[in-house]
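Working notes, beginning with the structure itself.
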Amino acid sequence: MNSSMKKILFADDSPSMRLFASLSLSDEFEIDTACDGEDALKYLKTKDYDLFLVDVYMPKIDGISLVKKIREFENSRFKPIIIISTEADESLFSKGRDAGATGWIVKPFDKDYLLKAVKHILFGKGR
Amino acid sequence: MKNILTDDFLIDEIKNRFTEKNNQILQLSFELDELRKKLFDSEHLKTKFLSIIRNELKNPVSAISGLSKLVVQKDFDSVEDIKKIMDTIRLEAVKFALQLDNVLIASSYEGGDNNLFLSGFDLCELIYEVKRSFEDEIKSRQKIVETQMDHEIKIYADREKLKLVFKNFLDNALKFSEKNIKIIVLKRKNSAVVSFYNDGYEIEEKNHHRIFERFSPLDSGLSRKYSGVGLGLCVCGAIIESHGGKTDFSSGQGSGTLFEIELPLDDKSQGEADDIESGEGFIIL
């Protein structure tokens, strides 16, 4: 693995989505996948990431709560966090924003869309 | 004797009637508040439910569309890698189909359509069929599913709806069990009794009354321990009831959870077998 590759943590309780994210992004990024919020925090304690992709509905710690917890880590305070959800709802956007999320991607999406969004956030004009 | 309507009497009478009407208005106002609250709760529940449904149906679609496109676009090192992805796609499609069936049946029951398409078939064979359809998932979750059945129990029922019932119960058992699941089918007087036991997650007593309720996954916030629409058991309850059957369950105190489904065996099902019975993939008209 190229150590200069940007590191992404993808948290989703669906094994299929984790497989999809891994296959879509692993050619150009170093990607770790977590099965829920608790699992994601374990990864965060051992590694610094450049981008977080977080599903909303997850067991143990949900996506919105995970965003808040990620922001509590010194090295993640200003890193981009994208929420992934089947919903595009103003009240949820608002919760995400208040928690500290950077953006929102609505499912379903394909590999091209995901790659484009990730590259835009990491290398483009996005924060 | 002369009736004398004095001013005082009239005033008192008016006051009494006014008070009575006032009380009636207050009572109606209270009832209206209660109805408003129920409507609000119902709307809130529906919104929550729709949110859960959207998630549970769109997630598999998302995985299926994303993964299948990847298979076309990406170069893979081996056929095994492709097979693994195709298998994941297949399992997501199966998950999706079950949830979709639940939603469709729930909608038709909500619309007042609880018609049954009755045919004669062997209940034990149906259970085996359902278990076979979950074989891959049983393997991948590393669970053990034992079955214990009488030889053959002929029943006259809606085969496809009962298949959905047993799929839901087995799906639940796979989600909530630690390791072991048992399916027992036997005859009890004029009924067939199908029991699903799992050794896992116990349902707290405070939730017992909600088990078969609509829109009621027992954990339905953003952070949910188990996926599932919360329709499964409600749909099962409705289908069993429309067959004239009943459900029961017991859970707790370290002994896992047991669901029992009792279905009546009427004269038609206990009579001589038809020459051809309905079976896997076909229904005799």
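By convention here, the chains of the structure tokens are called A, B, ... in the order presented, each chain's residues are numbered starting at 1, and ligands are numbered starting at 1 in the order presented.
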
Next item on the list: Dump as number ranges by chain the residues of chain A that approach chain B to within 10 Å, counting only C-alpha atoms.
Entry: A: 13-21, 23-24, 36-37, 56-65, 85-87, 89, 106-112, 114

Next item on the list: Excluding Asn190 of chain B and any residue of its chain fewer than 5 positions from it, enumerate the residues within 8 Å of it, using only C-alpha atoms, and give them as a ChimeraX atom specification.
Entry: /B:264-266

Checklist line | Residue contacts of Ile105 of chain B (12 Å, only C-alpha atoms) excluding same-chain residues fewer than 3 positions away, as an MDAnalysis selection string | finding: chainID B and resid 98:102 108:116 160:162 164:165 231:239

Item checked: Which of segment 14-208 of chain B DSSP labels strand (DSSP E), written as a PyMOL selection string -> chain B and resi 118-122+144-149+154-158+180-188+191-198

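Atom CA of Ser119 of chain B is found 14.8 Å from atom CA of Ser242 of chain B.
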
Next item on the list: Name the residues in contact with Arg77 of chain A at a cut-off of 12 Å, using only C-alpha atoms, excluding same-chain residues fewer than 4 positions from it; report them as a PyMOL selection string.
Entry: chain A and resi 48-52+67-73+81+99-102

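Atom CA of Phe49 of chain B sits 27.3 Å away from atom CA of Asp158 of chain B.
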
Next item on the list: May I have the residues within 7 Å of Ile105 of chain A as JSON, numbers by chain, using only C-alpha atoms and disregarding those fewer than 6 positions away in the same chain?
Entry: {"A": [82, 83, 84, 85]}

Notebook entry, point to check: Among chain A, which residues carry a DSSP assignment of alpha helix (DSSP H), reported as a PyMOL selection string?
Noted result: chain A and resi 15-25+37-46+63-72+90-99+111-123

With C-alpha atoms retained, could you export that selection as a PDB file, in the first residue's frame?
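Contents of again-v6.pdb, as written:
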```pdb
ATOM      1  CA  PRO A  15     -21.568  -5.739   4.669  1.00  0.00           C
ATOM      2  CA  SER A  16     -22.476  -5.202   1.002  1.00  0.00           C
ATOM      3  CA  MET A  17     -21.977  -1.454   1.233  1.00  0.00           C
ATOM      4  CA  ARG A  18     -18.630  -1.968   2.952  1.00  0.00           C
ATOM      5  CA  LEU A  19     -17.586  -4.345   0.190  1.00  0.00           C
ATOM      6  CA  PHE A  20     -18.772  -1.881  -2.440  1.00  0.00           C
ATOM      7  CA  ALA A  21     -16.909   1.045  -0.840  1.00  0.00           C
ATOM      8  CA  SER A  22     -13.764  -1.014  -0.474  1.00  0.00           C
ATOM      9  CA  LEU A  23     -13.805  -2.151  -4.101  1.00  0.00           C
ATOM     10  CA  SER A  24     -14.653   1.333  -5.376  1.00  0.00           C
ATOM     11  CA  LEU A  25     -11.987   3.230  -3.486  1.00  0.00           C
ATOM     12  CA  GLY A  37     -20.106   3.512  15.191  1.00  0.00           C
ATOM     13  CA  GLU A  38     -18.335   1.669  17.973  1.00  0.00           C
ATOM     14  CA  ASP A  39     -16.136  -0.186  15.512  1.00  0.00           C
ATOM     15  CA  ALA A  40     -15.315   3.109  13.766  1.00  0.00           C
ATOM     16  CA  LEU A  41     -14.086   4.658  17.012  1.00  0.00           C
ATOM     17  CA  LYS A  42     -11.756   1.708  17.589  1.00  0.00           C
ATOM     18  CA  TYR A  43     -10.138   2.413  14.219  1.00  0.00           C
ATOM     19  CA  LEU A  44      -9.913   6.109  15.023  1.00  0.00           C
ATOM     20  CA  LYS A  45      -7.985   5.426  18.198  1.00  0.00           C
ATOM     21  CA  THR A  46      -5.205   3.728  16.237  1.00  0.00           C
ATOM     22  CA  GLY A  63     -23.978   8.182  12.249  1.00  0.00           C
ATOM     23  CA  ILE A  64     -24.924  11.560  13.686  1.00  0.00           C
ATOM     24  CA  SER A  65     -23.531  10.642  17.113  1.00  0.00           C
ATOM     25  CA  LEU A  66     -20.412   9.258  15.455  1.00  0.00           C
ATOM     26  CA  VAL A  67     -19.818  12.578  13.686  1.00  0.00           C
ATOM     27  CA  LYS A  68     -19.859  14.355  17.056  1.00  0.00           C
ATOM     28  CA  LYS A  69     -17.469  11.827  18.530  1.00  0.00           C
ATOM     29  CA  ILE A  70     -15.094  12.071  15.577  1.00  0.00           C
ATOM     30  CA  ARG A  71     -14.940  15.836  16.129  1.00  0.00           C
ATOM     31  CA  GLU A  72     -13.771  15.218  19.702  1.00  0.00           C
ATOM     32  CA  GLU A  90     -33.880  18.886   5.756  1.00  0.00           C
ATOM     33  CA  SER A  91     -34.236  17.956   9.410  1.00  0.00           C
ATOM     34  CA  LEU A  92     -31.567  15.256   9.083  1.00  0.00           C
ATOM     35  CA  PHE A  93     -29.294  17.642   7.107  1.00  0.00           C
ATOM     36  CA  SER A  94     -29.683  20.041   9.960  1.00  0.00           C
ATOM     37  CA  LYS A  95     -28.776  17.393  12.541  1.00  0.00           C
ATOM     38  CA  GLY A  96     -25.740  16.443  10.472  1.00  0.00           C
ATOM     39  CA  ARG A  97     -24.643  20.040  10.113  1.00  0.00           C
ATOM     40  CA  ASP A  98     -25.045  20.721  13.825  1.00  0.00           C
ATOM     41  CA  ALA A  99     -23.063  17.605  14.650  1.00  0.00           C
ATOM     42  CA  LYS A 111     -18.543   3.910  -7.958  1.00  0.00           C
ATOM     43  CA  ASP A 112     -18.011   6.868 -10.314  1.00  0.00           C
ATOM     44  CA  TYR A 113     -20.197   9.130  -8.221  1.00  0.00           C
ATOM     45  CA  LEU A 114     -18.523   8.074  -4.993  1.00  0.00           C
ATOM     46  CA  LEU A 115     -15.017   8.534  -6.398  1.00  0.00           C
ATOM     47  CA  LYS A 116     -15.902  11.923  -7.843  1.00  0.00           C
ATOM     48  CA  ALA A 117     -17.367  13.107  -4.537  1.00  0.00           C
ATOM     49  CA  VAL A 118     -14.394  11.827  -2.523  1.00  0.00           C
ATOM     50  CA  LYS A 119     -11.842  13.421  -4.872  1.00  0.00           C
ATOM     51  CA  HIS A 120     -13.713  16.696  -4.884  1.00  0.00           C
ATOM     52  CA  ILE A 121     -13.709  16.766  -1.080  1.00  0.00           C
ATOM     53  CA  LEU A 122     -10.101  15.735  -0.666  1.00  0.00           C
ATOM     54  CA  PHE A 123      -8.455  17.510  -3.591  1.00  0.00           C
TER      55      PHE A 123
END
```
